[in-house]
Structures are given as structure tokens and as C-alpha cells.
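*Asks:* Dropping in model36.txt, which is compact mmCIF, C-alpha atoms:
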```txt
# COMPACT_ATOMS: atom_id res chain seq x y z
CA MET E 1 -21.85 -7.80 35.30
CA PRO E 2 -21.37 -5.28 32.45
CA THR E 3 -19.11 -6.37 29.61
CA PHE E 4 -16.87 -4.32 27.35
CA CYS E 5 -16.71 -4.63 23.57
CA ARG E 6 -13.68 -4.40 21.29
CA HIS E 7 -14.15 -0.62 21.15
CA ASN E 8 -13.58 -0.38 24.93
CA ARG E 9 -17.19 0.60 25.63
CA PHE E 10 -20.05 -1.06 27.46
CA VAL E 11 -21.43 -3.40 24.83
CA GLU E 12 -24.98 -2.10 25.42
CA ARG E 13 -23.88 1.48 24.69
CA CYS E 14 -21.66 0.83 21.68
CA PRO E 15 -23.41 1.98 18.48
CA ILE E 16 -21.75 -0.88 16.57
CA CYS E 17 -21.60 -3.86 18.93
CA SER E 18 -25.01 -3.24 20.51
CA LYS E 19 -26.57 -4.31 17.20
CA THR E 20 -25.27 -7.85 17.76
CA LEU E 21 -27.04 -8.29 21.10
CA PRO E 22 -30.04 -10.64 21.19
CA GLY E 23 -33.28 -8.76 20.64
CA ALA E 24 -31.62 -5.73 19.08
CA ALA E 25 -33.94 -3.85 16.73
CA PRO E 26 -32.99 -4.31 13.07
CA ALA E 27 -31.84 -1.33 11.08
CA THR E 28 -34.61 0.41 9.20
CA GLY E 29 -32.46 0.87 6.10
CA PRO E 30 -28.97 1.58 4.90
CA GLY E 31 -29.14 5.16 6.15
CA LYS E 32 -30.01 6.68 9.49
CA ARG E 33 -33.29 8.49 10.15
CA ARG E 34 -33.02 12.21 10.53
CA SER E 35 -34.79 13.99 13.31
CA SER E 36 -37.59 16.42 12.53
CA ARG E 37 -35.37 19.24 13.66
CA GLY E 38 -32.65 18.15 11.24
CA ALA E 39 -35.14 17.81 8.39
CA ALA E 40 -36.63 21.23 9.07
CA GLY E 41 -33.25 22.92 8.92
CA ALA E 42 -32.04 21.03 5.86
CA SER E 43 -33.40 23.46 3.30
CA SER E 44 -31.79 26.49 4.91
CA SER E 45 -28.46 24.75 5.46
CA ASP E 46 -28.31 23.41 1.90
CA SER E 47 -28.16 26.89 0.40
CA ARG E 48 -25.50 27.98 2.87
CA GLY E 49 -23.52 24.78 2.29
CA ALA E 50 -23.63 25.19 -1.48
CA SER E 51 -22.26 28.72 -1.36
CA THR E 52 -19.59 27.74 1.16
CA ALA E 53 -18.49 24.77 -0.93
CA SER E 54 -18.20 26.94 -4.02
CA ARG E 55 -15.95 29.38 -2.19
CA HIS E 56 -13.85 26.79 -0.33
CA ARG E 57 -13.35 23.76 -2.52
CA ARG E 58 -10.35 22.78 -0.40
CA LEU E 59 -10.41 23.69 3.27
CA ARG E 60 -7.21 24.03 5.22
CA ALA E 61 -6.31 22.76 8.66
CA GLY E 62 -2.96 23.74 10.11
CA GLY E 63 -1.86 25.05 6.74
CA ARG E 64 -2.46 21.72 4.94
CA GLU E 65 -5.02 20.96 2.29
CA VAL E 66 -7.91 18.74 3.28
CA ARG E 67 -9.26 16.45 0.59
CA VAL E 68 -12.58 14.69 1.08
CA HIS E 69 -12.82 11.19 -0.39
CA ARG E 70 -16.27 9.66 -0.77
CA GLU E 71 -16.24 5.93 -0.05
CA THR E 72 -18.28 3.72 -2.33
CA ARG E 73 -20.10 0.92 -0.54
CA ALA E 74 -22.50 -1.70 -1.75
CA GLN E 75 -26.07 -1.80 -0.46
CA ASN E 76 -26.49 -3.09 3.08
CA ASP E 77 -28.09 -6.52 2.71
CA GLY E 78 -27.70 -7.65 6.31
CA TYR E 79 -24.37 -9.42 5.77
CA ASP E 80 -22.56 -10.15 9.03
CA ASN E 81 -19.28 -11.99 9.62
CA ALA E 82 -17.13 -11.95 12.73
CA LEU E 83 -13.91 -11.98 10.69
CA ALA E 84 -14.82 -8.74 8.94
CA PRO E 85 -17.20 -6.89 11.27
CA GLY E 86 -17.04 -3.74 9.18
CA LEU E 87 -18.62 -5.37 6.12
CA ARG E 88 -22.38 -5.04 5.83
CA SER E 89 -22.77 -6.26 2.26
CA SER E 90 -22.19 -9.67 0.71
CA ALA E 91 -21.11 -7.87 -2.47
CA ASP E 92 -18.34 -6.09 -0.55
CA ALA E 93 -17.27 -9.41 0.97
CA ALA E 94 -17.16 -11.09 -2.45
CA HIS E 95 -15.17 -8.18 -3.87
CA LEU E 96 -12.63 -8.39 -1.03
CA ALA E 97 -12.28 -12.15 -1.56
CA GLU E 98 -11.47 -11.56 -5.23
CA GLU E 99 -8.86 -8.93 -4.43
CA ILE E 100 -7.21 -11.19 -1.85
CA ALA E 101 -7.10 -13.99 -4.42
CA PHE E 102 -5.50 -11.68 -6.99
CA ALA E 103 -2.93 -10.32 -4.54
CA SER E 104 -2.02 -13.83 -3.41
CA GLY E 105 -1.76 -15.05 -7.00
CA ARG E 106 0.46 -12.09 -7.85
CA LEU E 107 2.90 -12.98 -5.06
CA LEU E 108 2.99 -16.62 -6.15
CA ARG E 109 3.67 -15.61 -9.75
CA MET E 110 6.35 -13.14 -8.68
CA HIS E 111 8.21 -15.93 -6.94
CA ALA E 112 7.70 -18.61 -9.60
CA ALA E 113 7.73 -16.74 -12.95
CA PRO E 114 7.92 -12.94 -12.63
CA PRO E 115 6.92 -11.00 -15.75
CA GLY E 116 8.75 -8.29 -17.66
CA ILE E 117 11.23 -6.18 -15.78
CA PHE E 118 10.83 -8.24 -12.61
CA ASN E 119 12.32 -11.21 -14.46
CA GLU E 120 15.19 -9.02 -15.65
CA ILE E 121 15.84 -7.90 -12.09
CA ARG E 122 16.03 -11.49 -10.88
CA ALA E 123 18.34 -12.42 -13.75
CA LEU E 124 20.69 -9.53 -12.94
CA ALA E 125 20.87 -10.63 -9.31
CA GLY E 126 21.64 -14.17 -10.44
CA GLU E 127 24.54 -12.84 -12.51
CA GLY E 128 26.07 -11.15 -9.48
CA GLU E 129 24.68 -7.68 -10.21
CA LEU E 130 22.69 -7.47 -6.96
CA GLU E 131 23.39 -3.77 -6.44
CA ARG E 132 22.10 -2.83 -9.89
CA ALA E 133 19.14 -5.21 -9.58
CA THR E 134 18.21 -3.60 -6.26
CA TRP E 135 18.31 -0.14 -7.80
CA MET E 136 16.09 -1.23 -10.69
CA CYS E 137 13.66 -2.76 -8.21
CA PHE E 138 13.53 0.48 -6.23
CA LEU E 139 12.93 2.51 -9.36
CA THR E 140 10.16 0.13 -10.50
CA VAL E 141 8.34 0.40 -7.19
CA TYR E 142 8.96 4.13 -6.86
CA LEU E 143 7.47 4.96 -10.27
CA SER E 144 4.96 2.04 -10.18
CA PRO E 145 4.08 -0.15 -13.18
CA LEU E 146 1.30 1.21 -15.37
CA GLN E 147 -2.09 -0.24 -16.07
CA GLY E 148 -2.51 -1.70 -19.55
CA ASP E 149 -0.52 -3.68 -22.11
CA ASP E 150 2.88 -2.02 -21.50
CA PRO E 151 3.10 -1.68 -17.72
CA PHE E 152 6.86 -1.09 -17.58
CA ALA E 153 7.05 1.69 -20.18
CA GLY E 154 7.59 4.42 -17.58
CA VAL E 155 10.31 2.51 -15.74
CA ARG E 156 12.16 1.74 -18.97
CA MET E 157 11.97 5.39 -19.99
CA ALA E 158 13.57 6.43 -16.69
CA LEU E 159 16.29 3.80 -17.05
CA GLU E 160 17.05 4.93 -20.59
CA ARG E 161 17.38 8.53 -19.44
CA GLU E 162 19.84 7.49 -16.76
CA GLY E 163 21.84 5.52 -19.30
CA GLU E 164 22.04 8.58 -21.54
CA GLY E 165 23.01 10.81 -18.61
CA SER E 166 25.83 8.49 -17.54
CA GLY E 167 27.21 8.24 -21.06
CA SER E 168 27.30 4.45 -20.77
CA GLY E 169 24.48 3.92 -23.20
CA GLY E 170 22.42 1.55 -21.09
CA GLY E 171 21.24 0.53 -17.70
CA ALA E 172 20.74 2.40 -14.47
CA ARG E 173 23.69 3.66 -12.50
CA ARG E 174 23.71 2.54 -8.91
CA PRO E 175 23.76 4.86 -5.88
CA ASP E 176 27.41 3.97 -5.19
CA GLU E 177 28.61 4.88 -8.69
CA GLY E 178 30.16 8.18 -9.61
CA SER E 179 28.32 11.34 -10.49
CA GLY E 180 27.53 11.90 -14.14
CA SER E 181 26.08 14.84 -15.96
CA GLY E 182 22.89 15.29 -14.03
CA GLY E 183 21.65 11.73 -13.53
CA ALA E 184 19.05 10.86 -10.90
CA HIS E 185 21.51 9.30 -8.47
CA PRO E 186 25.04 10.72 -8.30
CA SER E 187 26.99 9.51 -5.29
CA GLU E 188 27.82 12.92 -3.90
CA ASP E 189 25.50 15.51 -2.43
CA ASN E 190 26.51 18.42 -4.63
CA GLY E 191 23.58 20.56 -3.56
CA SER E 192 22.28 20.96 -7.11
CA GLU E 193 18.84 22.47 -7.37
CA ASP E 194 17.41 19.64 -9.47
CA MET E 195 17.62 17.44 -6.41
CA HIS E 196 14.74 19.27 -4.78
CA GLU E 197 12.91 21.22 -7.43
CA GLY E 198 10.31 19.84 -9.82
CA GLU E 199 11.90 21.69 -12.77
CA GLY E 200 14.65 19.66 -14.38
CA SER E 201 13.69 16.41 -12.63
CA PRO E 202 14.82 13.29 -14.55
CA PHE E 203 11.27 11.96 -14.17
CA ASP E 204 9.57 14.83 -15.99
CA GLY E 205 7.23 13.34 -18.58
CA VAL E 206 7.66 9.78 -17.28
CA PRO E 207 4.25 8.09 -16.96
CA LEU E 208 3.48 7.05 -13.40
CA GLY E 209 1.53 4.03 -12.19
CA PRO E 210 -1.38 3.96 -9.72
CA ARG E 211 0.85 3.24 -6.68
CA THR E 212 3.69 5.61 -7.43
CA SER E 213 5.59 7.37 -4.66
CA HIS E 214 6.91 10.07 -6.96
CA ASP E 215 5.63 13.58 -6.31
CA PRO E 216 6.53 15.98 -9.13
CA ALA E 217 6.57 18.84 -6.62
CA ARG E 218 9.46 17.14 -4.80
CA GLY E 219 11.51 16.56 -7.94
CA SER E 220 14.33 14.12 -7.16
CA GLU E 221 14.31 14.70 -3.41
CA THR E 222 13.10 11.20 -2.51
CA VAL E 223 15.52 9.45 -4.88
CA HIS E 224 18.33 11.64 -3.56
CA ALA E 225 17.43 10.68 0.02
CA TYR E 226 17.37 6.99 -0.92
CA ARG E 227 20.80 7.28 -2.53
CA GLN E 228 22.26 8.93 0.55
CA TRP E 229 20.64 6.31 2.77
CA ALA E 230 22.36 3.55 0.80
CA LEU E 231 25.73 5.34 0.71
CA HIS E 232 25.63 5.82 4.47
CA SER E 233 25.92 2.03 4.83
CA GLY E 234 28.29 1.65 1.89
CA SER E 235 25.77 0.24 -0.60
CA GLN E 236 22.14 -0.75 -0.98
CA VAL E 237 23.03 -4.38 -0.28
CA GLN E 238 24.76 -3.60 3.00
CA ALA E 239 21.94 -1.29 4.06
CA LEU E 240 19.26 -3.92 3.36
CA VAL E 241 21.07 -6.99 4.66
CA GLY E 242 21.99 -5.44 7.99
CA GLU E 243 23.11 -8.07 10.47
CA GLU E 244 23.68 -11.58 9.14
CA SER E 245 22.05 -13.02 12.27
CA TRP E 246 18.70 -11.33 11.60
CA THR E 247 15.71 -13.47 10.69
CA PRO E 248 13.88 -12.61 7.45
CA GLN E 249 11.11 -11.03 9.50
CA ARG E 250 13.54 -8.96 11.54
CA ARG E 251 15.38 -7.83 8.41
CA PHE E 252 12.11 -6.70 6.83
CA GLU E 253 11.13 -4.78 9.95
CA ARG E 254 14.47 -3.00 10.35
CA ALA E 255 14.68 -2.09 6.65
CA PHE E 256 11.12 -0.76 6.77
CA GLU E 257 12.04 1.48 9.69
CA ARG E 258 15.26 2.72 8.12
CA LEU E 259 13.61 3.52 4.77
CA ALA E 260 11.39 6.21 6.30
CA LEU E 261 12.65 8.82 3.85
CA PRO E 262 11.07 12.09 2.69
CA GLY E 263 8.31 11.28 0.20
CA PHE E 264 8.70 7.51 0.62
CA GLY E 265 5.68 6.54 2.66
CA ARG E 266 4.40 3.26 3.95
CA MET E 267 3.02 2.11 0.59
CA GLY E 268 6.31 2.43 -1.29
CA ARG E 269 8.51 1.04 1.46
CA TYR E 270 6.31 -1.98 2.03
CA GLU E 271 5.98 -2.78 -1.67
CA LEU E 272 9.73 -2.47 -2.21
CA LEU E 273 10.64 -4.88 0.58
CA VAL E 274 7.93 -7.36 -0.39
CA THR E 275 9.17 -7.33 -3.98
CA LEU E 276 12.82 -7.76 -2.99
CA GLY E 277 11.90 -10.71 -0.80
CA ARG E 278 9.50 -12.40 -3.23
CA LEU E 279 11.98 -12.14 -6.10
CA GLY E 280 14.57 -13.85 -3.91
CA LEU E 281 17.06 -10.98 -3.90
CA TYR E 282 17.14 -10.82 -0.10
CA GLU E 283 16.03 -13.04 2.75
CA MET E 284 13.24 -10.85 4.09
CA GLN E 285 9.60 -11.53 4.85
CA ALA E 286 6.79 -9.40 6.21
CA ALA E 287 5.34 -10.42 9.58
CA SER E 288 2.77 -7.60 9.73
CA LEU E 289 1.25 -4.87 7.58
CA HIS E 290 3.14 -2.02 9.29
CA LEU E 291 0.03 0.13 8.93
CA ALA E 292 0.43 3.88 8.88
CA VAL E 293 -0.39 5.90 11.99
CA GLY E 294 -1.22 9.51 12.62
CA ARG E 295 -1.68 11.87 9.71
CA ALA E 296 -0.04 9.40 7.31
CA GLY E 297 -2.81 6.92 8.06
CA LEU E 298 -5.35 9.32 6.59
CA GLU E 299 -3.74 8.98 3.17
CA ASP E 300 -2.60 5.35 3.05
CA PRO E 301 -5.21 3.25 1.17
CA THR E 302 -4.35 -0.02 2.90
CA THR E 303 -4.72 1.49 6.37
CA LEU E 304 -8.02 3.14 5.48
CA ALA E 305 -9.43 -0.09 4.04
CA ALA E 306 -8.25 -2.14 7.03
CA LYS E 307 -10.13 0.19 9.36
CA ARG E 308 -13.28 -0.21 7.28
CA VAL E 309 -13.11 -3.99 7.04
CA LEU E 310 -12.04 -4.73 10.62
CA ALA E 311 -14.02 -1.89 12.23
CA VAL E 312 -11.06 -0.89 14.38
CA GLY E 313 -9.51 2.56 14.73
CA ASP E 314 -6.76 2.03 17.32
CA PRO E 315 -3.46 1.53 15.42
CA ILE E 316 -2.01 -1.15 17.72
CA TYR E 317 -5.18 -3.18 17.89
CA LEU E 318 -5.73 -2.74 14.16
CA GLU E 319 -2.31 -4.26 13.43
CA ARG E 320 -3.06 -7.25 15.63
CA ARG E 321 -6.48 -7.75 14.09
CA ALA E 322 -4.96 -7.63 10.59
CA GLU E 323 -2.46 -10.35 11.52
CA ALA E 324 -5.24 -12.51 12.97
CA PHE E 325 -7.33 -11.82 9.86
CA ALA E 326 -4.56 -13.17 7.62
CA ARG E 327 -4.13 -16.27 9.80
CA GLU E 328 -7.84 -17.05 9.78
CA LEU E 329 -7.97 -16.73 6.00
CA ASP E 330 -4.72 -18.69 5.60
CA VAL E 331 -3.19 -16.10 3.26
CA PRO E 332 0.19 -14.34 3.43
CA ILE E 333 0.06 -11.13 5.41
CA ASP E 334 1.78 -9.23 2.60
CA ALA E 335 -1.03 -10.20 0.21
CA LEU E 336 -3.41 -8.09 2.29
CA ASP E 337 -1.44 -4.92 1.50
CA LEU E 338 -2.47 -4.74 -2.17
CA ALA E 339 -5.77 -6.55 -1.63
CA LEU E 340 -7.09 -4.05 0.91
CA ALA E 341 -5.85 -1.08 -1.11
CA ASN E 342 -7.50 -2.33 -4.31
CA TRP E 343 -10.72 -3.12 -2.47
CA GLY E 344 -10.79 0.28 -0.82
CA THR E 345 -10.14 2.28 -3.98
CA GLY E 346 -12.48 0.18 -6.11
CA GLU E 347 -9.87 -0.24 -8.86
CA ARG E 348 -7.47 -3.16 -9.26
CA ALA E 349 -3.87 -1.98 -9.56
CA THR E 350 -2.22 -4.90 -11.36
CA LEU E 351 1.38 -3.64 -10.97
CA GLY E 352 2.73 -5.38 -14.05
CA PHE E 353 0.71 -8.61 -13.79
CA LYS E 354 -2.31 -9.85 -15.72
CA PRO E 355 -5.62 -9.00 -14.03
CA ASP E 356 -6.63 -12.67 -14.06
CA VAL E 357 -3.64 -13.91 -12.04
CA ILE E 358 -5.86 -15.51 -9.40
CA ASP E 359 -4.98 -17.89 -6.59
CA ARG E 360 -8.01 -20.18 -6.90
CA HIS E 361 -7.28 -22.01 -3.64
CA ALA E 362 -7.10 -18.72 -1.74
CA LEU E 363 -10.36 -17.60 -3.34
CA GLU E 364 -12.12 -20.75 -2.16
CA ARG E 365 -10.75 -20.45 1.37
CA VAL E 366 -11.63 -16.78 1.74
CA ARG E 367 -15.15 -17.17 0.36
CA ALA E 368 -15.73 -20.08 2.73
CA ALA E 369 -14.42 -18.05 5.68
CA PHE E 370 -16.70 -15.18 4.67
CA GLY E 371 -19.71 -17.51 4.53
CA LEU E 372 -20.15 -17.06 0.78
CA ASP E 373 -20.99 -19.67 -1.82
CA PRO E 374 -18.03 -21.40 -3.54
CA PRO E 375 -16.74 -19.55 -6.62
CA LEU E 376 -18.07 -20.59 -9.99
CA SER E 377 -15.69 -22.86 -11.87
CA ASP E 378 -14.29 -21.57 -15.15
```
Is it possible to give me this structure as C-alpha cells?

*Replies:*
Amino acid sequence: MPTFCRHNRFVERCPICSKTLPGAAPATGPGKRRSSRGAAGASSSDSRGASTASRHRRLRAGGREVRVHRETRAQNDGYDNALAPGLRSSADAAHLAEEIAFASGRLLRMHAAPPGIFNEIRALAGEGELERATWMCFLTVYLSPLQGDDPFAGVRMALEREGEGSGSGGGARRPDEGSGSGGAHPSEDNGSEDMHEGEGSPFDGVPLGPRTSHDPARGSETVHAYRQWALHSGSQVQALVGEESWTPQRRFERAFERLALPGFGRMGRYELLVTLGRLGLYEMQAASLHLAVGRAGLEDPTTLAAKRVLAVGDPIYLERRAEAFARELDVPIDALDLALANWGTGERATLGFKPDVIDRHALERVRAAFGLDPPLSD
């Protein structure tokens, strides 16, 4: 009787799963062989392709720019693991294990001893300033900590500008506070142009981190939308807490849905809620990755990396496979968000933490699950 694979095809006809059948011919190399017809026409097409590329560096589809990203992959060395069927290199598997260990260590450190401005945010919440602490957390995630020795320089610059705009001399004004002289978050929608135009934005000249949600072309539109979202419920705290009867997982899910604001995509929303929960400001916990779907999934680094690692394209099945992946590795599901993104981009975004904040136990578990040798001891 014919059997179906995870791609909903006959396993014998699937270009991916058919390679796992007994007696399947091994791949001749990392690349596919070209037919003689394709090789014969290569020289003529190269010249046409070069001239076309020079004229159309950015093609358009439906009026939107199309950017082509070239994925960097290690050499295919025959690596095969059922947990990560999309990996074909032991080097890629080792790299992913390291990024998972860093992301897990970062979450542990955020809960136990958060650095820099994260510690200030927790202290403010402990002093009863939960509304202000929430705003500072949003601004930190929205702008994103920088790489390097002073990761919070951009966030502090934005907070100082808001303090100057409010005339109070320090600190960020909350969304429920009164309108000042052009700050980033007055409580009333006065229709001023700086809310939507890049010129005059309070974030002009502020350095942005690798996972920022701020788009200079939008100006303050996203921050304005966030402020109005909070004021609609009365405050940020009321908007995030929701119903007292909600579980932490339910609260995370509902807040993630409600925070779908202009310019605030999956990456920013997820990071904000994870940070608020890990710092202990709110009882909320991620139960899934909430991966992006549709056109947004083409730009979200975590979603793109998850598709590569798990070899799944269907959004619903991909979400389920990601949850099972986290369970098999015995790591928090929210650790996979940053880990997959860093692995996919090839650059570790530290987000205010030291690059060597590693969860050694997670590293050992993941390498064992991937069939790799134990990590070398320091």
C-alpha cells in the first residue's frame, strides 16, 4: 500500500523523503547536475541575465519591492537527523546547537540577573512604577539593544529626548500621561504630522539594534499606534493583563494578537512579551512561536529559519513541528525565537547580553539530540 510523507506526497515521489528510502542512490554532490540542454544554453542566458540584473536591481511584484537574500549553508557532509530534517551539514547542526544554548542562557540570565536597562526596568516595577517600566521595556525592544560594549546607548538617548520634551528632566513619559511639546507618546491623537512622517521623528539619529522594529519611513506611526492601543484599555497594564482568570499562556497569546499594530511585526511583539514575562513584570509565558504567515513570513527571520531546519512549509504544521522540536530538545519554546533567527542570519544578535552567556546544560542536551559529540569543556 502506498504511504504518504510529511509533505503530503507519495514517499517514493517526494524529492526530499525519497532519499531516505532503503536503496536510494546517494547524492552526487552538494549541487544538482544540470542537463546538457541547460548547460548549452547557459552561456547565452548569462549575458541576458547580466544585462537584466543591471537594469532591474530590485524587481517589483504587485507594487512592492522584492529583495533576494542568499542563504549561506555549510558543505553537505551527509548529516541526517530526524529532529532537523532540513539540516544536511554537521557544521550547521553544531551552529544551531550553540545558538540555542545562547538563547536559553540569555533567558535564564534575564530572569536571574538582568543586565543594564533590563535591571532598571525590573527595579521600577518593584517600586510600583509598572506602567513606566512597561513603557521602557517596549521602547527597548522597539529600538533594539545594540551590538558592542554599550548596547543600551540608543534606548537611553531616546529616553533622554523624551525627558527633555516633557520638561521633567528625566525618564520616559507613559502613554497615559499628558501631551507635552512634541514627545513620542502624547495621550491624545492631535493629528500632528510628526506622528506619521519620518521628518521630525523623535528617533532621528538614534542608533538602532539588529532586531529593531523602527522604520524611519514610518516616523512615529508605530509608537503612536501602541500608545492608542494602551489608552483604549485605560493603560498598558490593563491592556496586557486582560482577564485575571487567564493563564500565563493565554495572556501571552491574547496580547500577541492584540499587539498587531502597524509596523510592529511578529519579531517585535514576540520579543516584547517574552521580555515582560521573563523579567517578572507580568504573568505571561509563550506556548508556541507564533510564526508569521503569508507575506510577513517571507521577511521574518525566525519563520524562515524554522522552515529550513524543519523542512516544512505549511504554517500550521510548521508551528506544531516547532513545538515538538522544543520538547525533544528540552528547551523553552521562546528560546527558539532568537536561536533560529541568529542561526538563519549567521550573526548572533546579543540584545544587551554578553556573547558568552551560554546554557551549558542545554548545549549538551541539544548536541546529544543532534547526534554530535559532547562540547569541549572550557

*Asks:* Would you please work out which residue, of E:Asn76, E:Thr275, E:Thr134, E:Thr345, is nearest to Pro301 of chain E when using all atoms listed in the file?

*Replies:* E:Thr345

*Asks:* Quick check, in Å to one decimal: how far apart do atom CA of Asp359 of chain E and atom CA of Ser288 of chain E lie?

*Replies:*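 It comes out at 20.8 Å.
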
*Asks:* Can you tell me, as a list in words, what residues are no more than 6 Å from segment 107-121 of chain E when counting all atoms listed in the file, ignoring any on the same chain fewer than 2 positions away?

*Replies:*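 My reading of the contact set: Ser104, Gly105, Ala123, Leu124, Ala133, Arg278 and Leu279 of chain E.
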
*Asks:* Would you mind listing what lies within 12 Å of Thr247 of chain E as a ChimeraX atom specification, with only C-alpha atoms counted and same-chain residues fewer than 5 positions away left out?

*Replies:* /E:241-242,252-254,282-287

*Asks:* Could you give me, as a ChimeraX atom specification, the residues within 10 Å of Asp356 of chain E, counting all atoms listed in the file and dropping anything in the same chain fewer than 2 positions from it?

*Replies:* /E:101-102,105-106,350,353-354,358-359

*Asks:* Take the residues just selected and output them with C-alpha atoms as an mmCIF file, in the frame of the given file.

*Replies:*
```cif
data_model
loop_
_atom_site.group_PDB
_atom_site.id
_atom_site.type_symbol
_atom_site.label_atom_id
_atom_site.label_comp_id
_atom_site.auth_asym_id
_atom_site.auth_seq_id
_atom_site.Cartn_x
_atom_site.Cartn_y
_atom_site.Cartn_z
ATOM 1 C CA ALA E 101 -7.100 -13.990 -4.420
ATOM 2 C CA PHE E 102 -5.500 -11.680 -6.990
ATOM 3 C CA GLY E 105 -1.760 -15.050 -7.000
ATOM 4 C CA ARG E 106 0.460 -12.090 -7.850
ATOM 5 C CA THR E 350 -2.220 -4.900 -11.360
ATOM 6 C CA PHE E 353 0.710 -8.610 -13.790
ATOM 7 C CA LYS E 354 -2.310 -9.850 -15.720
ATOM 8 C CA ILE E 358 -5.860 -15.510 -9.400
ATOM 9 C CA ASP E 359 -4.980 -17.890 -6.590
#
```

*Asks:* So how far away is atom CA of Ala305 of chain E from atom CA of Gln75 of chain E, in Å?

*Replies:* 17.3 Å

*Asks:* Let me make sure I understand: among E:Glu221, E:Val366, E:Cys17, E:Gly148, which one has the smallest atom-to-atom distance to Asp330 of chain E if we use only C-alpha atoms?

*Replies:*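 Checking each candidate against Asp330 of chain E, we get E:Val366 as the closest.
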
*Asks:* Enter the distance from atom CA of Gly346 of chain E to atom CA of Leu96 of chain E, in Å, rounded to one decimal.

*Replies:*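 Here the two named atoms are 10.0 Å from each other.
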
*Asks:* Which one of E:Pro248, E:Gly263, E:Pro216, E:Pro210 sits closest to Leu338 of chain E if you count only C-alpha atoms?

*Replies:*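 For Leu338 of chain E, the nearest of the candidates is E:Pro210.
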
*Asks:* Nearest residue to Arg122 of chain E out of E:Leu281, E:Thr140, E:Gly265, E:Glu257, using only C-alpha atoms?

*Replies:* E:Leu281

*Asks:* Taking 3 positions as the minimum chain separation for residues in the same chain, which residues sit within 12 Å of Val141 of chain E when counting all atoms listed in the file? Answer as a PyMOL selection string.

*Replies:* chain E and resi 117-118+134-138+144-146+151-152+154-155+208-214+223+264-265+267-276+351-352

*Asks:* Within 6 Å of (-12.3, -7.0, -1.2), in the coordinates the file gives, what residues turn up when you count all atoms listed in the file, written out as a PyMOL selection string?

*Replies:* chain E and resi 93+95-97+99+343

*Asks:* When you count only C-alpha atoms, which of these residues is closest to Leu87 of chain E: E:Ala369, E:Pro15, E:Arg73, E:Ala362?

*Replies:*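 Distance minimum relative to Leu87 of chain E lands on E:Arg73.
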
*Asks:* Just want the 10 Å neighbourhood of Leu336 of chain E, counted on all atoms listed in the file, with same-chain residues fewer than 5 positions away dropped. Output as a tab-separated table (two decimals) with C-alpha atoms, keeping the file's coordinate frame.

*Replies:*
```tsv
chain	number	residue	atom	x	y	z
E	96	LEU	CA	-12.63	-8.39	-1.03
E	99	GLU	CA	-8.86	-8.93	-4.43
E	100	ILE	CA	-7.21	-11.19	-1.85
E	101	ALA	CA	-7.10	-13.99	-4.42
E	103	ALA	CA	-2.93	-10.32	-4.54
E	104	SER	CA	-2.02	-13.83	-3.41
E	288	SER	CA	2.77	-7.60	9.73
E	289	LEU	CA	1.25	-4.87	7.58
E	302	THR	CA	-4.35	-0.02	2.90
E	306	ALA	CA	-8.25	-2.14	7.03
E	322	ALA	CA	-4.96	-7.63	10.59
E	323	GLU	CA	-2.46	-10.35	11.52
E	325	PHE	CA	-7.33	-11.82	9.86
E	326	ALA	CA	-4.56	-13.17	7.62
E	331	VAL	CA	-3.19	-16.10	3.26
E	341	ALA	CA	-5.85	-1.08	-1.11
E	342	ASN	CA	-7.50	-2.33	-4.31
```
